[in-house]
$ cat upload35.txt   # compact mmCIF, C-alpha atoms
# COMPACT_ATOMS: atom_id res chain seq x y z
CA MET A 15 0.00 0.00 0.00
CA THR A 16 1.34 3.41 -0.94
CA PRO A 17 1.90 6.11 1.72
CA LEU A 18 -0.92 8.08 0.09
CA GLY A 19 -3.32 5.16 0.49
CA VAL A 20 -2.43 4.86 4.17
CA LEU A 21 -3.02 8.61 4.60
CA LEU A 22 -6.41 8.43 2.90
CA ASP A 23 -7.48 5.44 4.99
CA GLY A 24 -6.39 7.23 8.16
CA ALA A 25 -8.29 10.36 7.13
CA LEU A 26 -11.43 8.30 6.48
CA GLY A 27 -11.03 6.69 9.90
CA VAL A 28 -10.79 10.08 11.59
CA LEU A 29 -13.93 11.22 9.75
CA ALA A 30 -15.70 8.06 10.94
CA LEU A 31 -14.78 9.00 14.53
CA THR A 32 -16.18 12.49 13.89
CA LEU A 33 -19.44 10.87 12.77
CA VAL A 34 -19.50 8.89 16.02
CA ALA A 35 -19.15 12.18 17.94
CA ALA A 36 -22.07 13.66 15.98
CA LEU A 37 -24.13 10.52 16.62
CA TYR A 38 -23.44 10.75 20.35
CA ARG A 39 -24.56 14.39 20.37
CA ALA A 40 -27.70 13.51 18.40
CA PHE A 41 -28.57 10.85 20.97
CA ARG A 42 -27.71 12.88 24.06
CA GLY A 43 -29.26 16.20 23.01
CA PRO A 44 -30.17 17.72 25.42
CA THR A 45 -32.21 20.01 23.13
CA ASP A 46 -33.40 19.69 19.54
CA ALA A 47 -30.98 22.51 18.66
CA ASP A 48 -28.04 20.25 19.58
CA ARG A 49 -29.48 17.51 17.38
CA ALA A 50 -29.78 19.94 14.46
CA VAL A 51 -26.13 20.93 14.95
CA ALA A 52 -25.14 17.25 14.94
CA GLY A 53 -27.08 16.76 11.69
CA ASP A 54 -25.27 19.73 10.16
CA LEU A 55 -21.91 18.17 11.08
CA VAL A 56 -22.99 14.88 9.49
CA PHE A 57 -23.68 16.71 6.21
CA PHE A 58 -20.21 18.32 6.25
CA VAL A 59 -18.47 15.05 7.06
CA PHE A 60 -20.38 13.31 4.27
CA VAL A 61 -19.04 15.79 1.69
CA GLY A 62 -15.52 15.25 3.03
CA VAL A 63 -15.87 11.45 2.88
CA VAL A 64 -17.11 11.65 -0.72
CA ALA A 65 -14.13 13.82 -1.72
CA LEU A 66 -11.70 11.35 -0.13
CA LEU A 67 -13.42 8.36 -1.77
CA ALA A 68 -13.04 10.08 -5.17
CA VAL A 69 -9.27 9.96 -4.72
CA ARG A 70 -9.11 6.55 -3.05
CA GLN A 71 -11.20 4.74 -5.66
CA ASP A 72 -10.00 6.94 -8.54
CA ALA A 73 -13.61 7.58 -9.64
CA ALA A 74 -14.29 11.13 -10.82
CA PHE A 75 -18.07 10.88 -10.53
CA TYR A 76 -17.73 11.27 -6.75
CA PHE A 77 -17.02 14.96 -7.38
CA ASP A 78 -20.53 15.28 -8.88
CA VAL A 79 -21.85 13.71 -5.69
CA ALA A 80 -19.90 16.30 -3.68
CA VAL A 81 -21.49 19.20 -5.58
CA VAL A 82 -25.01 17.83 -5.09
CA ALA A 83 -24.36 16.97 -1.44
CA THR A 84 -23.18 20.54 -0.80
CA LEU A 85 -26.47 21.94 -2.06
CA LEU A 86 -28.53 19.32 -0.23
CA GLY A 87 -26.56 20.01 2.94
CA PHE A 88 -27.58 23.66 2.84
CA LEU A 89 -31.24 22.79 2.21
CA GLY A 90 -30.99 20.25 5.03
CA SER A 91 -29.60 22.88 7.45
CA VAL A 92 -32.40 25.31 6.65
CA ALA A 93 -35.03 22.59 7.01
CA LEU A 94 -33.51 21.53 10.36
CA ALA A 95 -33.56 25.16 11.53
CA ARG A 96 -37.22 25.33 10.62
CA LEU A 97 -37.93 22.13 12.55
CA VAL A 98 -36.03 23.38 15.61
CA PHE A 99 -38.05 26.59 15.60
CA ARG A 100 -41.35 24.74 15.26
CA SER A 101 -40.53 22.23 17.98
CA GLY A 102 -39.66 24.98 20.47
CA GLY A 103 -36.11 24.07 21.44
CA MET B 16 5.61 11.14 -5.32
CA SER B 17 5.04 14.42 -7.12
CA PRO B 18 4.88 17.85 -5.44
CA LEU B 19 1.17 17.95 -6.25
CA ASP B 20 0.64 14.69 -4.31
CA LEU B 21 2.53 16.16 -1.39
CA LEU B 22 0.39 19.31 -1.44
CA GLY B 23 -2.79 17.23 -1.71
CA GLY B 24 -1.82 15.02 1.22
CA LEU B 25 -1.01 18.06 3.32
CA LEU B 26 -4.36 19.70 2.48
CA VAL B 27 -6.26 16.49 3.26
CA VAL B 28 -4.56 16.18 6.65
CA LEU B 29 -5.27 19.83 7.44
CA GLY B 30 -8.93 19.64 6.38
CA VAL B 31 -9.62 16.38 8.19
CA GLY B 32 -7.97 17.86 11.27
CA LEU B 33 -10.34 20.82 11.13
CA MET B 34 -13.35 18.52 10.79
CA ALA B 35 -12.10 16.42 13.71
CA ALA B 36 -11.84 19.65 15.71
CA ALA B 37 -15.48 20.32 14.87
CA GLY B 38 -16.37 16.83 16.11
CA LEU B 39 -14.46 17.46 19.34
CA GLY B 40 -16.30 20.76 19.73
CA VAL B 41 -19.66 19.06 19.30
CA LEU B 42 -18.68 16.63 22.05
CA ARG B 43 -17.12 19.04 24.54
CA LEU B 44 -18.62 22.54 24.20
CA PRO B 45 -21.32 23.48 26.74
CA ASP B 46 -24.37 24.69 24.77
CA ALA B 47 -26.02 24.56 21.36
CA TYR B 48 -24.66 27.94 20.23
CA THR B 49 -21.01 27.20 20.89
CA ARG B 50 -21.43 23.79 19.24
CA MET B 51 -23.05 25.42 16.22
CA SER B 52 -20.16 27.87 16.04
CA ALA B 53 -17.60 25.05 16.12
CA VAL B 54 -19.39 23.02 13.44
CA THR B 55 -20.06 25.88 11.05
CA LYS B 56 -16.61 27.43 11.18
CA ALA B 57 -14.34 24.43 11.49
CA ALA B 58 -16.33 22.04 9.31
CA SER B 59 -17.06 24.43 6.45
CA LEU B 60 -13.41 25.42 6.09
CA GLY B 61 -12.41 21.78 6.63
CA VAL B 62 -14.68 20.61 3.79
CA VAL B 63 -13.27 23.28 1.48
CA ILE B 64 -9.68 22.28 2.26
CA VAL B 65 -10.44 18.56 1.85
CA LEU B 66 -12.06 19.25 -1.53
CA LEU B 67 -9.00 21.24 -2.67
CA GLY B 68 -6.75 18.43 -1.45
CA ALA B 69 -8.78 15.85 -3.38
CA LEU B 70 -8.43 18.05 -6.47
CA ALA B 71 -4.66 18.21 -6.01
CA LEU B 72 -4.51 14.41 -5.67
CA SER B 73 -6.56 13.70 -8.82
CA PRO B 74 -6.06 16.76 -11.03
CA SER B 75 -8.11 17.19 -14.22
CA TRP B 76 -10.06 19.99 -15.85
CA ASN B 77 -13.41 18.28 -15.13
CA ASN B 78 -12.55 17.92 -11.46
CA LEU B 79 -11.34 21.51 -11.34
CA VAL B 80 -14.74 22.77 -12.51
CA LYS B 81 -16.67 20.55 -10.09
CA VAL B 82 -14.47 21.32 -7.10
CA THR B 83 -14.61 25.07 -7.83
CA LEU B 84 -18.41 24.86 -7.92
CA ALA B 85 -18.58 22.81 -4.73
CA VAL B 86 -16.15 25.12 -2.88
CA ALA B 87 -18.04 28.25 -3.96
CA LEU B 88 -21.37 26.73 -2.90
CA GLN B 89 -19.91 25.60 0.41
CA LEU B 90 -18.43 29.00 1.23
CA LEU B 91 -21.67 30.76 0.29
CA THR B 92 -24.16 28.44 1.98
CA ALA B 93 -22.42 27.11 5.11
CA PRO B 94 -22.51 30.44 7.03
CA ALA B 95 -26.15 30.97 6.03
CA GLY B 96 -27.08 27.48 7.23
CA GLY B 97 -25.24 27.92 10.52
CA PHE B 98 -26.86 31.29 11.06
CA ALA B 99 -30.31 29.81 10.38
CA ILE B 100 -29.77 27.04 12.92
CA GLY B 101 -28.41 29.43 15.56
CA ARG B 102 -31.26 31.89 15.12
CA ALA B 103 -33.88 29.14 15.21
CA SER B 104 -32.28 27.73 18.38
CA TYR B 105 -32.43 31.12 20.07
CA ARG B 106 -36.01 31.81 19.07
CA ALA B 107 -37.00 28.30 20.15
CA GLY B 108 -35.48 29.00 23.58
CA ALA B 109 -32.45 26.73 23.67
CA PRO B 110 -30.65 27.39 26.98
CA LEU B 111 -27.43 29.41 27.11
CA THR B 112 -24.45 28.20 29.09
CA PRO B 113 -24.00 30.06 32.41
CA GLU B 114 -20.58 31.25 31.17
CA THR B 115 -22.27 33.44 28.54
CA GLY B 116 -20.83 36.93 29.02
CA TYR B 117 -23.53 39.03 27.37
CA ASP B 118 -26.78 38.39 25.51
CA GLU B 119 -27.47 41.30 23.21
CA LEU B 120 -30.51 39.65 21.61
CA ALA B 121 -32.22 39.43 25.02
CA ARG B 122 -31.41 43.11 25.67
CA ASP B 123 -32.98 43.99 22.32
CA GLY B 124 -36.03 41.84 23.06
CA GLY B 125 -35.32 39.11 20.51
CA GLY B 126 -35.88 36.10 22.73
CA PRO B 127 -39.13 34.34 23.58
CA THR B 128 -38.47 33.80 27.30
CA PRO B 129 -36.97 36.25 29.83
CA SER B 130 -34.52 34.09 31.75
CA ARG B 131 -32.85 30.93 30.63
CA THR B 132 -30.00 28.88 31.97
CA LEU B 133 -28.66 25.48 31.14
CA ARG B 134 -30.98 22.72 32.21
$ encode --input "upload35.txt" --output "structure tokens"
Amino acid sequence: MTPLGVLLDGALGVLALTLVAALYRAFRGPTDADRAVAGDLVFFVFVGVVALLAVRQDAAFYFDVAVVATLLGFLGSVALARLVFRSGG
Amino acid sequence: MSPLDLLGGLLVVLGVGLMAAAGLGVLRLPDAYTRMSAVTKAASLGVVIVLLGALALSPSWNNLVKVTLAVALQLLTAPAGGFAIGRASYRAGAPLTPETGYDELARDGGGPTPSRTLR
């Protein structure tokens, strides 16, 4: 395995740990606002994972996924904000 | 290993580090607003740097166009999304940490409830 492959695998592992942190915060709360923040972090990490997979698997179409995921992440944040406001904290 | 690979690896490490910092902030910071701040700042810049690193590791004109688009969208929309979540949290009455120094929105009458502390 090349040094670059090791680096990419390590980076993906660190992002997986970040997802675990977001999952913990989504479970714990304590308010819906914290859960919305955790969801926002999941969107960001997803875009990062897709970008790393594009390099690791040498498949350029992942960059298309990254563009779409960026837009969807923004729409998701706004929708989550709306839900937080409706639910009252 | 070309210089471009070296640059890409460096950018990936830097960006993933920033996103890990956002994850640590989500775990450790005391209230929803500080967590939102950590996620929006660290993760949006982290995503941008990781995307640029991926571009440096697999350079082509197609990827350049897509990454430029994704980076521009990310930089434009991430602050707006974070602001929306923070504002909705405040208006929904999410508690502030007791360490909060000043609350200008409460002074201006922006909040729904008069006094709030961490549950």
$ residues_around --input "upload35.txt" --residues "segment 32-46 of chain B" --least-positions-apart "5" --cutoff "6 Å" --atoms "all atoms listed in the file" --output "ChimeraX atom specification"
/A:32,35 /B:53-54,57-58,61,112
$ interface_residues --input "upload35.txt" --of "chain A" --to "chain B" --cutoff "7 Å" --atoms "only C-alpha atoms" --output "PyMOL selection string"
chain A and resi 25+28-29+32+35-36+39+45+47-48+51+55+58+61-62+65-66+69+77-78+80-81+84+88+91-92+95-96+98-99+102-103
$ closest_residue --input "upload35.txt" --among "A:Leu85, A:Ala30, A:Ala74, A:Leu22" --to "Val56 of chain A" --atoms "only C-alpha atoms"
A:Ala30
$ atom_distance --input "upload35.txt" --atom1 "atom CA of Tyr38 of chain A" --atom2 "atom CA of Gly87 of chain A"
20.0 Å
$ atom_distance --input "upload35.txt" --atom1 "atom CA of Thr16 of chain A" --atom2 "atom CA of Val64 of chain A"
20.2 Å
$ atom_distance --input "upload35.txt" --atom1 "atom CA of Arg100 of chain A" --atom2 "atom CA of Asp46 of chain A"
10.3 Å
$ build_atoms --input "upload35.txt" --residues "segment 63-76 of chain B" --atoms "N, CA and C atoms" --output "PDB file, in the frame of the given file"
ATOM      1  N   VAL B  63     -13.887  22.590   2.611  1.00  0.00           N
ATOM      2  CA  VAL B  63     -13.270  23.280   1.480  1.00  0.00           C
ATOM      3  C   VAL B  63     -11.836  22.806   1.272  1.00  0.00           C
ATOM      4  N   ILE B  64     -11.084  22.678   2.388  1.00  0.00           N
ATOM      5  CA  ILE B  64      -9.680  22.280   2.260  1.00  0.00           C
ATOM      6  C   ILE B  64      -9.567  20.827   1.798  1.00  0.00           C
ATOM      7  N   VAL B  65     -10.471  19.954   2.297  1.00  0.00           N
ATOM      8  CA  VAL B  65     -10.440  18.560   1.850  1.00  0.00           C
ATOM      9  C   VAL B  65     -10.752  18.465   0.366  1.00  0.00           C
ATOM     10  N   LEU B  66     -11.726  19.253  -0.107  1.00  0.00           N
ATOM     11  CA  LEU B  66     -12.060  19.250  -1.530  1.00  0.00           C
ATOM     12  C   LEU B  66     -10.866  19.704  -2.374  1.00  0.00           C
ATOM     13  N   LEU B  67     -10.181  20.773  -1.931  1.00  0.00           N
ATOM     14  CA  LEU B  67      -9.000  21.240  -2.670  1.00  0.00           C
ATOM     15  C   LEU B  67      -7.899  20.180  -2.653  1.00  0.00           C
ATOM     16  N   GLY B  68      -7.747  19.489  -1.512  1.00  0.00           N
ATOM     17  CA  GLY B  68      -6.750  18.430  -1.450  1.00  0.00           C
ATOM     18  C   GLY B  68      -7.083  17.285  -2.391  1.00  0.00           C
ATOM     19  N   ALA B  69      -8.375  16.912  -2.454  1.00  0.00           N
ATOM     20  CA  ALA B  69      -8.780  15.850  -3.380  1.00  0.00           C
ATOM     21  C   ALA B  69      -8.519  16.270  -4.821  1.00  0.00           C
ATOM     22  N   LEU B  70      -8.716  17.557  -5.118  1.00  0.00           N
ATOM     23  CA  LEU B  70      -8.430  18.050  -6.470  1.00  0.00           C
ATOM     24  C   LEU B  70      -6.943  17.938  -6.770  1.00  0.00           C
ATOM     25  N   ALA B  71      -6.097  18.280  -5.792  1.00  0.00           N
ATOM     26  CA  ALA B  71      -4.660  18.210  -6.010  1.00  0.00           C
ATOM     27  C   ALA B  71      -4.200  16.768  -6.189  1.00  0.00           C
ATOM     28  N   LEU B  72      -4.915  15.812  -5.573  1.00  0.00           N
ATOM     29  CA  LEU B  72      -4.510  14.410  -5.670  1.00  0.00           C
ATOM     30  C   LEU B  72      -4.996  13.753  -6.960  1.00  0.00           C
ATOM     31  N   SER B  73      -6.116  14.255  -7.525  1.00  0.00           N
ATOM     32  CA  SER B  73      -6.560  13.700  -8.820  1.00  0.00           C
ATOM     33  C   SER B  73      -6.892  14.868  -9.747  1.00  0.00           C
ATOM     34  N   PRO B  74      -5.840  15.538 -10.256  1.00  0.00           N
ATOM     35  CA  PRO B  74      -6.060  16.760 -11.030  1.00  0.00           C
ATOM     36  C   PRO B  74      -6.562  16.479 -12.450  1.00  0.00           C
ATOM     37  N   SER B  75      -7.646  17.186 -12.826  1.00  0.00           N
ATOM     38  CA  SER B  75      -8.110  17.190 -14.220  1.00  0.00           C
ATOM     39  C   SER B  75      -8.991  18.412 -14.393  1.00  0.00           C
ATOM     40  N   TRP B  76      -9.259  18.776 -15.627  1.00  0.00           N
ATOM     41  CA  TRP B  76     -10.060  19.990 -15.850  1.00  0.00           C
ATOM     42  C   TRP B  76     -11.490  19.785 -15.364  1.00  0.00           C
TER      43      TRP B  76
END
